[in-house]
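J.: Input structure28.txt, format and content: compact mmCIF, C-alpha atoms and all ligand atoms.
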```txt
# COMPACT_ATOMS: atom_id res chain seq x y z
CA MET Q 1 0.00 0.00 0.00
CA HIS Q 2 1.23 3.50 -0.81
CA LYS Q 3 2.56 5.47 2.18
CA LEU Q 4 -0.15 8.14 1.87
CA GLU Q 5 -2.90 5.53 1.81
CA ARG Q 6 -1.47 3.89 4.92
CA LEU Q 7 -1.37 7.26 6.64
CA ARG Q 8 -4.94 8.14 5.69
CA LYS Q 9 -6.08 4.85 7.18
CA GLU Q 10 -4.43 5.82 10.46
CA MET Q 11 -6.02 9.28 10.25
CA LEU Q 12 -9.51 7.76 10.04
CA ALA Q 13 -8.89 5.97 13.32
CA LEU Q 14 -7.74 9.25 14.89
CA ASP Q 15 -10.90 11.04 13.74
CA VAL Q 16 -9.06 14.09 12.42
CA ASP Q 17 -9.89 16.01 9.23
CA ALA Q 18 -6.23 16.67 8.54
CA LEU Q 19 -2.77 16.00 9.89
CA LEU Q 20 0.15 18.41 10.11
CA ILE Q 21 3.56 16.78 9.78
CA SER Q 22 6.61 18.83 10.61
CA LYS Q 23 9.19 16.35 11.96
CA PRO Q 24 11.83 16.28 9.19
CA GLU Q 25 12.10 12.48 8.87
CA ASN Q 26 8.33 12.11 8.77
CA ARG Q 27 8.00 14.92 6.24
CA PHE Q 28 10.56 13.21 3.99
CA TYR Q 29 9.01 9.77 4.48
CA ILE Q 30 5.57 10.93 3.37
CA SER Q 31 6.51 13.45 0.69
CA GLY Q 32 10.04 12.70 -0.56
CA PHE Q 33 11.03 16.33 0.16
CA ARG Q 34 14.55 16.56 1.59
CA GLY Q 35 14.69 20.26 2.40
CA SER Q 36 15.24 21.45 5.95
CA ALA Q 37 12.09 23.56 6.32
CA GLY Q 38 8.49 22.83 5.55
CA THR Q 39 5.25 21.35 6.76
CA VAL Q 40 3.08 18.68 5.23
CA LEU Q 41 -0.69 18.93 5.49
CA ILE Q 42 -2.68 15.81 4.64
CA THR Q 43 -6.46 15.73 4.33
CA ALA Q 44 -8.68 12.83 3.24
CA THR Q 45 -8.24 13.85 -0.40
CA GLN Q 46 -5.44 16.42 -0.61
CA ALA Q 47 -1.72 16.47 0.12
CA TYR Q 48 0.04 19.82 0.53
CA LEU Q 49 3.65 20.70 1.18
CA LEU Q 50 4.08 24.17 2.64
CA THR Q 51 7.54 25.65 2.33
CA ASP Q 52 9.25 28.96 1.77
CA PHE Q 53 10.81 30.61 -1.27
CA ARG Q 54 14.18 28.85 -0.82
CA TYR Q 55 12.69 25.41 -1.38
CA ILE Q 56 9.87 25.86 -3.90
CA GLU Q 57 11.81 24.47 -6.88
CA GLN Q 58 13.33 21.61 -4.86
CA ALA Q 59 9.96 20.68 -3.35
CA THR Q 60 8.32 20.67 -6.78
CA ASN Q 61 10.94 18.18 -7.99
CA GLU Q 62 11.13 15.98 -4.91
CA ALA Q 63 7.45 15.82 -3.96
CA PRO Q 64 5.58 15.52 -7.27
CA ALA Q 65 2.48 14.04 -5.61
CA PHE Q 66 2.09 17.13 -3.42
CA GLU Q 67 0.64 20.53 -4.10
CA ILE Q 68 3.41 22.96 -3.17
CA VAL Q 69 2.25 26.01 -1.21
CA ARG Q 70 4.53 28.95 -0.59
CA THR Q 71 4.83 30.26 2.96
CA GLY Q 72 6.55 33.28 4.45
CA GLN Q 73 4.85 35.93 2.36
CA PRO Q 74 3.93 39.12 4.17
CA GLU Q 75 0.30 39.62 5.11
CA LYS Q 76 -0.51 36.03 4.22
CA ASP Q 77 -0.93 32.93 6.35
CA ALA Q 78 -0.84 30.01 3.90
CA LEU Q 79 -1.67 27.39 6.52
CA LYS Q 80 -4.62 29.33 7.86
CA ASP Q 81 -5.93 29.93 4.34
CA LEU Q 82 -5.76 26.19 3.57
CA VAL Q 83 -7.39 25.19 6.83
CA THR Q 84 -10.24 27.62 6.12
CA ALA Q 85 -10.60 26.66 2.45
CA GLN Q 86 -10.63 22.93 3.24
CA ASP Q 87 -13.00 23.40 6.19
CA ILE Q 88 -10.64 21.58 8.55
CA LYS Q 89 -12.24 21.42 11.98
CA ARG Q 90 -10.05 18.88 13.73
CA LEU Q 91 -6.37 19.22 12.89
CA GLY Q 92 -3.91 16.62 14.20
CA PHE Q 93 -0.33 17.59 15.03
CA GLU Q 94 2.70 15.57 16.20
CA ARG Q 95 2.55 15.78 19.97
CA ASP Q 96 6.09 14.52 20.48
CA TYR Q 97 7.61 16.99 18.04
CA VAL Q 98 5.70 20.30 18.21
CA THR Q 99 7.09 22.43 21.03
CA TYR Q 100 4.88 24.27 23.49
CA ALA Q 101 5.74 27.53 21.75
CA GLY Q 102 4.88 25.94 18.40
CA TYR Q 103 1.55 24.82 19.78
CA GLU Q 104 0.79 28.27 21.17
CA GLY Q 105 1.58 29.77 17.77
CA LEU Q 106 -0.77 27.36 16.00
CA LYS Q 107 -3.52 28.04 18.53
CA LYS Q 108 -3.25 31.75 17.99
CA ARG Q 109 -3.28 31.44 14.21
CA LEU Q 110 -6.02 28.85 13.95
CA GLU Q 111 -8.53 30.08 16.50
CA GLU Q 112 -11.50 28.29 14.97
CA THR Q 113 -9.73 24.94 14.62
CA GLN Q 114 -9.53 22.19 17.20
CA LEU Q 115 -5.90 21.14 17.54
CA VAL Q 116 -5.58 17.42 18.28
CA PRO Q 117 -2.27 16.11 19.68
CA VAL Q 118 -1.63 12.73 18.07
CA GLU Q 119 0.93 10.03 18.70
CA ASP Q 120 3.56 9.79 16.01
CA VAL Q 121 1.55 7.79 13.48
CA VAL Q 122 4.23 8.17 10.82
CA ARG Q 123 6.71 6.58 13.22
CA LYS Q 124 4.41 3.57 13.28
CA LEU Q 125 4.34 3.39 9.46
CA ARG Q 126 8.11 3.83 9.27
CA MET Q 127 8.72 0.73 11.36
CA VAL Q 128 7.86 -1.55 8.42
CA LYS Q 129 10.19 -0.93 5.50
CA ASP Q 130 9.39 -1.45 1.81
CA GLU Q 131 11.80 -2.89 -0.74
CA THR Q 132 13.27 0.45 -1.76
CA GLU Q 133 13.96 1.41 1.84
CA ILE Q 134 15.62 -1.96 2.47
CA GLU Q 135 17.83 -1.44 -0.58
CA HIS Q 136 18.97 1.93 0.77
CA MET Q 137 19.69 0.37 4.16
CA GLN Q 138 21.68 -2.44 2.57
CA ALA Q 139 23.67 0.14 0.60
CA ALA Q 140 24.32 2.07 3.84
CA ALA Q 141 25.40 -1.13 5.60
CA ASN Q 142 27.68 -2.11 2.69
CA ILE Q 143 29.42 1.28 2.78
CA ALA Q 144 30.10 0.95 6.51
CA GLU Q 145 31.35 -2.63 6.22
CA ALA Q 146 33.68 -1.90 3.31
CA ALA Q 147 35.04 1.18 5.08
CA PHE Q 148 35.70 -0.88 8.22
CA GLN Q 149 37.61 -3.51 6.24
CA GLU Q 150 39.56 -0.76 4.52
CA ILE Q 151 40.76 0.86 7.75
CA LEU Q 152 41.59 -2.36 9.65
CA PRO Q 153 45.31 -2.14 8.72
CA LEU Q 154 45.41 1.34 10.30
CA ILE Q 155 44.35 0.04 13.70
CA GLN Q 156 47.78 -0.20 15.26
CA VAL Q 157 49.54 0.54 18.52
CA GLY Q 158 50.47 4.23 18.47
CA ARG Q 159 47.43 5.46 16.53
CA SER Q 160 44.80 7.44 18.41
CA GLU Q 161 41.08 6.81 18.68
CA ALA Q 162 40.45 10.15 16.97
CA GLU Q 163 42.73 9.30 14.03
CA ILE Q 164 41.04 5.95 13.50
CA ALA Q 165 37.57 7.50 13.71
CA LEU Q 166 38.58 10.13 11.15
CA GLU Q 167 39.94 7.48 8.76
CA LEU Q 168 36.71 5.51 9.13
CA GLU Q 169 34.64 8.62 8.44
CA ILE Q 170 36.68 9.49 5.35
CA ALA Q 171 36.45 5.91 4.08
CA MET Q 172 32.65 5.93 4.48
CA ARG Q 173 32.31 9.30 2.77
CA ARG Q 174 34.58 8.23 -0.06
CA ARG Q 175 32.46 5.14 -0.57
CA GLY Q 176 29.35 7.24 -1.01
CA ALA Q 177 27.95 7.92 2.46
CA GLU Q 178 25.82 11.08 2.32
CA ARG Q 179 26.78 11.64 5.94
CA LEU Q 180 27.45 9.67 9.07
CA ALA Q 181 24.41 8.05 10.68
CA PHE Q 182 25.75 9.34 14.03
CA PRO Q 183 29.10 10.50 15.40
CA ILE Q 184 31.50 7.54 15.38
CA ILE Q 185 32.11 5.85 18.73
CA ALA Q 186 35.75 4.80 19.22
CA ALA Q 187 36.71 3.69 22.71
CA SER Q 188 39.93 1.88 23.52
CA GLY Q 189 41.60 0.20 26.49
CA PRO Q 190 39.83 0.98 29.78
CA ARG Q 191 37.70 3.55 27.92
CA SER Q 192 35.98 0.71 26.06
CA SER Q 193 33.79 0.34 29.17
CA LEU Q 194 32.05 3.54 27.99
CA PRO Q 195 29.15 2.30 25.86
CA HIS Q 196 29.09 5.60 23.94
CA GLY Q 197 32.69 6.74 24.27
CA ALA Q 198 33.46 9.55 21.83
CA PRO Q 199 36.92 9.29 20.24
CA THR Q 200 39.76 11.05 22.07
CA ASP Q 201 43.49 11.51 21.53
CA ARG Q 202 44.16 8.38 23.57
CA VAL Q 203 46.79 6.32 21.78
CA LEU Q 204 46.28 2.57 21.36
CA GLN Q 205 48.41 0.34 23.62
CA PRO Q 206 49.30 -3.33 23.27
CA GLY Q 207 46.49 -5.48 24.66
CA ASP Q 208 43.77 -2.83 24.23
CA PHE Q 209 40.25 -3.55 23.22
CA LEU Q 210 38.98 -1.06 20.64
CA THR Q 211 35.23 -0.72 20.16
CA LEU Q 212 34.11 1.00 16.97
CA ASP Q 213 30.40 1.79 16.51
CA PHE Q 214 29.55 3.49 13.24
CA GLY Q 215 27.06 3.85 10.42
CA ALA Q 216 26.57 5.48 7.05
CA VAL Q 217 23.58 7.15 5.42
CA SER Q 218 22.51 6.25 1.88
CA GLY Q 219 19.33 7.49 0.22
CA GLY Q 220 18.43 9.07 3.56
CA TYR Q 221 18.62 5.72 5.40
CA CYS Q 222 21.01 4.78 8.19
CA SER Q 223 23.12 1.76 9.00
CA ASP Q 224 24.50 0.89 12.42
CA MET Q 225 27.15 -1.67 13.35
CA THR Q 226 29.74 -2.29 16.07
CA ARG Q 227 32.88 -4.38 16.20
CA THR Q 228 35.32 -4.77 19.07
CA VAL Q 229 38.87 -5.77 18.17
CA VAL Q 230 41.93 -6.41 20.33
CA LEU Q 231 45.51 -5.25 19.77
CA GLY Q 232 47.67 -8.32 20.25
CA GLU Q 233 46.87 -11.47 22.19
CA PRO Q 234 43.78 -11.07 24.40
CA SER Q 235 43.97 -11.86 28.11
CA ALA Q 236 41.87 -14.74 29.47
CA LYS Q 237 39.31 -12.27 30.83
CA GLN Q 238 39.11 -10.33 27.58
CA LYS Q 239 38.51 -13.58 25.75
CA GLU Q 240 35.93 -14.67 28.30
CA ILE Q 241 33.80 -11.54 28.06
CA TYR Q 242 34.14 -11.38 24.28
CA ASP Q 243 32.88 -14.94 23.94
CA ILE Q 244 29.91 -14.28 26.22
CA VAL Q 245 28.87 -11.19 24.25
CA LEU Q 246 29.34 -13.07 20.98
CA LYS Q 247 27.17 -15.96 22.18
CA ALA Q 248 24.48 -13.52 23.35
CA GLN Q 249 24.60 -11.71 20.01
CA LEU Q 250 24.46 -14.86 17.89
CA GLU Q 251 21.68 -16.54 19.87
CA ALA Q 252 19.46 -13.46 20.04
CA GLN Q 253 19.96 -12.85 16.34
CA ALA Q 254 19.27 -16.47 15.42
CA ALA Q 255 15.92 -16.30 17.23
CA ILE Q 256 14.56 -13.34 15.29
CA LYS Q 257 11.29 -14.00 13.51
CA PRO Q 258 7.89 -12.35 13.18
CA GLY Q 259 5.59 -12.52 16.20
CA LEU Q 260 8.26 -12.19 18.88
CA LYS Q 261 8.23 -9.16 21.13
CA GLY Q 262 11.27 -6.89 21.34
CA GLY Q 263 11.49 -7.84 25.01
CA ASP Q 264 11.66 -11.58 24.13
CA ILE Q 265 14.79 -11.04 22.04
CA ASP Q 266 16.36 -8.88 24.71
CA LYS Q 267 15.78 -11.63 27.27
CA ILE Q 268 17.66 -14.23 25.21
CA ALA Q 269 20.82 -12.15 25.24
CA ARG Q 270 20.36 -10.82 28.76
CA ASP Q 271 19.94 -14.32 30.25
CA ILE Q 272 23.16 -15.51 28.59
CA ILE Q 273 25.11 -12.57 29.99
CA ALA Q 274 23.49 -12.83 33.44
CA ASP Q 275 24.03 -16.60 33.64
CA ALA Q 276 27.72 -16.01 32.94
CA GLY Q 277 27.81 -13.65 35.92
CA TYR Q 278 28.01 -10.34 34.06
CA GLY Q 279 24.38 -9.18 34.19
CA GLU Q 280 25.15 -5.95 36.04
CA TYR Q 281 27.58 -4.96 33.26
CA PHE Q 282 24.93 -5.01 30.52
CA GLY Q 283 22.85 -1.97 31.38
CA HIS Q 284 21.29 -0.95 28.07
CA GLY Q 285 18.62 -2.44 25.84
CA LEU Q 286 19.54 -5.12 23.31
CA GLY Q 287 18.65 -3.11 20.24
CA HIS Q 288 16.43 -0.71 18.37
CA GLY Q 289 14.83 -0.08 15.02
CA VAL Q 290 16.80 1.77 12.35
CA GLY Q 291 15.67 3.69 9.28
CA LEU Q 292 15.62 7.40 8.47
CA GLN Q 293 16.85 7.82 12.04
CA VAL Q 294 19.49 5.65 13.59
CA HIS Q 295 17.21 5.08 16.56
CA GLU Q 296 13.55 4.52 15.73
CA GLY Q 297 10.84 1.91 16.25
CA PRO Q 298 10.50 -0.91 17.08
CA ARG Q 299 12.16 -1.05 20.47
CA ALA Q 300 14.10 -4.18 21.35
CA GLY Q 301 14.88 -3.50 25.00
CA ARG Q 302 13.89 -5.21 28.22
CA ALA Q 303 10.30 -3.98 28.51
CA SER Q 304 9.49 -3.75 24.82
CA GLU Q 305 6.05 -5.00 23.84
CA ASP Q 306 6.66 -4.09 20.18
CA ILE Q 307 5.89 -7.15 18.08
CA LEU Q 308 8.28 -7.96 15.26
CA GLU Q 309 6.78 -7.96 11.77
CA PRO Q 310 8.28 -8.72 8.36
CA GLY Q 311 9.94 -5.56 7.02
CA MET Q 312 11.10 -4.31 10.41
CA VAL Q 313 14.80 -3.66 10.93
CA VAL Q 314 16.40 -4.04 14.35
CA THR Q 315 19.90 -3.99 15.75
CA ILE Q 316 21.18 -6.74 18.02
CA GLU Q 317 23.89 -5.22 20.17
CA PRO Q 318 24.61 -6.81 23.52
CA GLY Q 319 27.61 -5.64 25.49
CA ILE Q 320 29.57 -6.07 28.70
CA TYR Q 321 31.17 -2.94 30.15
CA ILE Q 322 33.47 -3.25 33.15
CA PRO Q 323 34.72 0.04 34.60
CA ASP Q 324 38.54 0.32 34.82
CA PHE Q 325 38.90 -2.79 32.68
CA GLY Q 326 37.14 -2.29 29.38
CA GLY Q 327 34.20 -3.54 27.42
CA VAL Q 328 32.88 -5.34 24.39
CA ARG Q 329 29.90 -4.68 22.16
CA ILE Q 330 29.03 -6.51 18.94
CA GLU Q 331 26.23 -5.12 16.78
CA ASP Q 332 24.59 -6.22 13.55
CA MET Q 333 21.49 -4.86 11.83
CA VAL Q 334 18.85 -7.43 10.93
CA LEU Q 335 15.77 -7.47 8.70
CA VAL Q 336 12.73 -9.40 9.93
CA THR Q 337 11.42 -11.56 7.07
CA ASP Q 338 8.34 -13.77 6.63
CA SER Q 339 10.35 -16.84 7.52
CA GLY Q 340 12.80 -15.42 10.06
CA HIS Q 341 15.44 -12.83 9.41
CA LYS Q 342 18.21 -11.65 7.12
CA ASN Q 343 21.43 -10.01 8.21
CA PHE Q 344 22.54 -6.74 6.61
CA ASN Q 345 26.09 -7.36 7.87
CA HIS Q 346 28.69 -9.84 6.69
CA SER Q 347 31.82 -8.89 8.62
CA SER Q 348 33.09 -11.67 10.85
CA LYS Q 349 32.11 -11.42 14.49
CA GLU Q 350 34.95 -13.61 15.72
CA LEU Q 351 37.42 -11.68 17.88
CA LEU Q 352 39.78 -9.94 15.52
CA ILE Q 353 43.34 -9.90 16.87
CA LEU Q 354 45.27 -7.07 15.23
N1 LIG F 1 25.22 4.08 17.85
C1 LIG F 1 24.47 3.83 18.97
C2 LIG F 1 23.83 2.52 18.88
O1 LIG F 1 24.42 1.57 18.44
O2 LIG F 1 22.70 2.40 19.20
MN MN F 2 25.70 1.31 16.90
MN MN F 3 22.64 0.61 17.58
```
Written as structure tokens, that's how I'd like the structure from this file.
T.:
Amino acid sequence: MHKLERLRKEMLALDVDALLISKPENRFYISGFRGSAGTVLITATQAYLLTDFRYIEQATNEAPAFEIVRTGQPEKDALKDLVTAQDIKRLGFERDYVTYAGYEGLKKRLEETQLVPVEDVVRKLRMVKDETEIEHMQAAANIAEAAFQEILPLIQVGRSEAEIALELEIAMRRRGAERLAFPIIAASGPRSSLPHGAPTDRVLQPGDFLTLDFGAVSGGYCSDMTRTVVLGEPSAKQKEIYDIVLKAQLEAQAAIKPGLKGGDIDKIARDIIADAGYGEYFGHGLGHGVGLQVHEGPRAGRASEDILEPGMVVTIEPGIYIPDFGGVRIEDMVLVTDSGHKNFNHSSKELLIL
């Protein structure tokens, strides 16, 4: 079903005459418009994209199914004129995106209209990807994987986290990444116990773990993967925790199929880590959906009731983080299919000794 049709079905259930969409990822998802300013207005029969002078030509090209309406003209309120002309009485807006000031502004402009705060319905639609979206995500994953393989020889004693992160970023950009999906995480030695350690000037030492968490964007869609490597022979404890995380990652991933709850998958990994005695060192959720944003629905953490459906994409990223020692995380991105799942990643998850 076309994205607009799916949205209109959701709007019927919400009992609104129209829906205002201003969150950039949602605006792009519904309209195809990639500009940084604009609002989409959807009614039962019409689809408008309101934007200012800077974006009129771009919007016309990128959102051919939408009527483009120019905003920002003096003495004219394009939104108010549309709401009046279309006789919109109940207007939905994104309650988790519109700020209080934004709401006050709307209320003042649209005195006659009932403003209805709605849950992010587009977020719900975005959870299930179509073929084109999956192709973009595979392209984004391929860029990240190839870049990682390319920079492996640079991961050496004497190089800094920041240098390695920069090389990884350049390699992704050179291979076609539109941008990074998020700032690269590069945490080495004892710092690898920081789940989201930003790269520093710390220089790699013999025996260090190095955790790299990174992703590319292609066609607007993100990828997300993590590998932990070790510089030289691992100690017995390093090997022990790596093997536990790997087992948790592999078993949780192998279980993925439609009908399971996010929380069920989390439990598989969490039980393995807890049974090995490291439960207190795995303090975050197992994974999350990925798409236009690196973190989106469905959730795959402890309490998640989100039910996996074919077309959903989730990460599986267990970790063990021990302060003053170091940590390990291994992360792949997985597509839920009719019969089970398919992995976007192909890089080995065995401990890489560099
Ligand atoms: N990059 C953060 C995460 O893996 O969720
Ligand atoms: Mn990640
Ligand atoms: Mn992730």
J.: If you count all atoms listed in the file, which residues fall within 9 Å of Val334 of chain Q, apart from same-chain ones fewer than 4 positions away, as a short mmCIF file (atom, residue, chain, number, x, y, z; two decimals) with C-alpha atoms, in the coordinates of the input?
T.:
```
data_model
loop_
_atom_site.label_atom_id
_atom_site.label_comp_id
_atom_site.auth_asym_id
_atom_site.auth_seq_id
_atom_site.Cartn_x
_atom_site.Cartn_y
_atom_site.Cartn_z
CA GLN Q 253 19.96 -12.85 16.34
CA ILE Q 256 14.56 -13.34 15.29
CA MET Q 312 11.10 -4.31 10.41
CA VAL Q 313 14.80 -3.66 10.93
CA VAL Q 314 16.40 -4.04 14.35
CA THR Q 315 19.90 -3.99 15.75
CA ILE Q 316 21.18 -6.74 18.02
CA HIS Q 341 15.44 -12.83 9.41
CA LYS Q 342 18.21 -11.65 7.12
CA ASN Q 343 21.43 -10.01 8.21
CA PHE Q 344 22.54 -6.74 6.61
CA ASN Q 345 26.09 -7.36 7.87
#
```
J.: Go through chain Q and flag each residue having an atom no more than 6 Å from ligand MN 2 (chain F); for those, report the closest pair of atoms plus their distance in Å to one decimal, using all atoms listed in the file, ordered by chain and rising number, as a Markdown table.
T.:
```
| residue | atom | partner | partner_atom | distance |
| --- | --- | --- | --- | --- |
| Q:Asp213 | CA | F:MN2 | MN | 4.7 |
| Q:Phe214 | CA | F:MN2 | MN | 5.7 |
| Q:Asp224 | CA | F:MN2 | MN | 4.7 |
| Q:Met225 | CA | F:MN2 | MN | 4.9 |
| Q:Thr226 | CA | F:MN2 | MN | 5.5 |
```
J.: Grab the atom CA of Asp264 of chain Q to atom CA of Pro318 of chain Q distance for me, in Å with one decimal place.
T.: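 Atom-to-atom, atom CA of Asp264 of chain Q to atom CA of Pro318 of chain Q, that is 13.8 Å.
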J.: State, in Å with one decimal place, the distance from atom CA of Gly311 of chain Q to atom CA of Ala47 of chain Q.
T.: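 That distance, rounded to one decimal, is 25.9 Å.
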J.: What separation in Å, quoted to one decimal, exists between atom CA of Val122 of chain Q and atom CA of Tyr100 of chain Q?
T.: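 Those two atoms sit 20.5 Å apart.
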J.: Could you report the residues within 12 Å of ligand LIG 1 (chain F), using all atoms listed in the file, as a ChimeraX atom specification?
T.: /Q:180-186,194-198,211-216,222-227,284-290,293-296,299-301,314-319,329-333
J.: Nearest to Leu7 of chain Q among Q:Val121, Q:Leu210, Q:Leu41, Q:Val83, with distances taken over all atoms listed in the file: which residue is it?
T.: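 Once distances to Leu7 of chain Q are computed over all atoms listed in the file, the minimum belongs to Q:Val121.
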J.: Using only C-alpha atoms and a cutoff of 8 Å, can you tell me which residues are near (30.8, 3.4, 7.7) in the file's coordinates, and write them out as a compact mmCIF listing (two decimals) with C-alpha atoms, keeping the file's coordinate frame?
T.:
```txt
# COMPACT_ATOMS: atom_id res chain seq x y z
CA ALA Q 140 24.32 2.07 3.84
CA ALA Q 141 25.40 -1.13 5.60
CA ILE Q 143 29.42 1.28 2.78
CA ALA Q 144 30.10 0.95 6.51
CA GLU Q 145 31.35 -2.63 6.22
CA ALA Q 146 33.68 -1.90 3.31
CA ALA Q 147 35.04 1.18 5.08
CA PHE Q 148 35.70 -0.88 8.22
CA LEU Q 168 36.71 5.51 9.13
CA GLU Q 169 34.64 8.62 8.44
CA ALA Q 171 36.45 5.91 4.08
CA MET Q 172 32.65 5.93 4.48
CA ARG Q 173 32.31 9.30 2.77
CA ALA Q 177 27.95 7.92 2.46
CA LEU Q 180 27.45 9.67 9.07
CA PHE Q 214 29.55 3.49 13.24
CA GLY Q 215 27.06 3.85 10.42
CA ALA Q 216 26.57 5.48 7.05
CA SER Q 223 23.12 1.76 9.00
```
J.: Between Q:Ile241, Q:Leu308, Q:Leu352, Q:Val230, which residue has the minimum interatomic distance to Leu335 of chain Q, considering only C-alpha atoms?
T.: Q:Leu308
J.: As a count of residues only, please: the residues near Pro234 of chain Q (cut-off 9 Å, all atoms listed in the file, same-chain neighbours under 5 positions excluded).
T.: 5
J.: Neighbouring residues of Lys9 of chain Q were defined as those with any atom within 12 Å, considering all atoms listed in the file; residues of the same chain fewer than 4 positions away were excluded. Please report them as a list in words.
T.: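 Surrounding residues, per the criterion: Met1, His2, Lys3, Leu4, Glu5, Ala13, Leu14, Asp15, Val16, Asp17, Ala18, Leu19, Ile42, Thr43, Ala44, Thr45, Val121, Val122 and Leu125 of chain Q.
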J.: Nearest to Gln156 of chain Q among Q:Leu231, Q:Ile134, Q:Ala255, Q:Ala65, with distances taken over all atoms listed in the file: which residue is it?
T.: Q:Leu231
J.: Tell me which of Q:Met11, Q:Ala78, Q:Val157, Q:Leu50 sits closest to Asp120 of chain Q, counting all atoms listed in the file.
T.: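 Ranked by minimum distance to Asp120 of chain Q, first place goes to Q:Met11.
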J.: At the level of all heavy atoms, write segment 212-217 of chain Q to a file as a PDB file, in the first residue's frame, please.
T.:
```
ATOM      1  N   LEU Q 212      34.494   0.023  17.998  1.00  0.00           N
ATOM      2  CA  LEU Q 212      34.110   0.999  16.973  1.00  0.00           C
ATOM      3  C   LEU Q 212      32.635   0.784  16.643  1.00  0.00           C
ATOM      4  O   LEU Q 212      32.229  -0.325  16.280  1.00  0.00           O
ATOM      5  CB  LEU Q 212      34.928   0.800  15.694  1.00  0.00           C
ATOM      6  CG  LEU Q 212      36.396   1.201  15.737  1.00  0.00           C
ATOM      7  CD1 LEU Q 212      37.111   0.756  14.456  1.00  0.00           C
ATOM      8  CD2 LEU Q 212      36.534   2.720  15.905  1.00  0.00           C
ATOM      9  N   ASP Q 213      31.844   1.840  16.787  1.00  0.00           N
ATOM     10  CA  ASP Q 213      30.405   1.786  16.509  1.00  0.00           C
ATOM     11  C   ASP Q 213      30.140   2.886  15.500  1.00  0.00           C
ATOM     12  O   ASP Q 213      30.434   4.056  15.761  1.00  0.00           O
ATOM     13  CB  ASP Q 213      29.643   2.008  17.819  1.00  0.00           C
ATOM     14  CG  ASP Q 213      28.131   1.877  17.663  1.00  0.00           C
ATOM     15  OD1 ASP Q 213      27.647   1.830  16.513  1.00  0.00           O
ATOM     16  OD2 ASP Q 213      27.445   1.824  18.701  1.00  0.00           O
ATOM     17  N   PHE Q 214      29.592   2.524  14.346  1.00  0.00           N
ATOM     18  CA  PHE Q 214      29.546   3.490  13.240  1.00  0.00           C
ATOM     19  C   PHE Q 214      28.450   3.115  12.255  1.00  0.00           C
ATOM     20  O   PHE Q 214      27.962   1.981  12.227  1.00  0.00           O
ATOM     21  CB  PHE Q 214      30.911   3.524  12.525  1.00  0.00           C
ATOM     22  CG  PHE Q 214      31.397   2.156  12.102  1.00  0.00           C
ATOM     23  CD1 PHE Q 214      31.242   1.705  10.800  1.00  0.00           C
ATOM     24  CD2 PHE Q 214      31.979   1.302  13.033  1.00  0.00           C
ATOM     25  CE1 PHE Q 214      31.669   0.438  10.427  1.00  0.00           C
ATOM     26  CE2 PHE Q 214      32.402   0.021  12.665  1.00  0.00           C
ATOM     27  CZ  PHE Q 214      32.245  -0.403  11.363  1.00  0.00           C
ATOM     28  N   GLY Q 215      28.074   4.100  11.443  1.00  0.00           N
ATOM     29  CA  GLY Q 215      27.060   3.850  10.421  1.00  0.00           C
ATOM     30  C   GLY Q 215      27.112   4.917   9.353  1.00  0.00           C
ATOM     31  O   GLY Q 215      27.592   6.025   9.595  1.00  0.00           O
ATOM     32  N   ALA Q 216      26.608   4.553   8.178  1.00  0.00           N
ATOM     33  CA  ALA Q 216      26.571   5.482   7.050  1.00  0.00           C
ATOM     34  C   ALA Q 216      25.112   5.796   6.726  1.00  0.00           C
ATOM     35  O   ALA Q 216      24.206   5.101   7.176  1.00  0.00           O
ATOM     36  CB  ALA Q 216      27.249   4.841   5.840  1.00  0.00           C
ATOM     37  N   VAL Q 217      24.915   6.840   5.921  1.00  0.00           N
ATOM     38  CA  VAL Q 217      23.578   7.150   5.417  1.00  0.00           C
ATOM     39  C   VAL Q 217      23.615   7.075   3.899  1.00  0.00           C
ATOM     40  O   VAL Q 217      24.508   7.625   3.261  1.00  0.00           O
ATOM     41  CB  VAL Q 217      23.115   8.557   5.863  1.00  0.00           C
ATOM     42  CG1 VAL Q 217      21.776   8.919   5.224  1.00  0.00           C
ATOM     43  CG2 VAL Q 217      23.011   8.630   7.385  1.00  0.00           C
TER      44      VAL Q 217
END
```
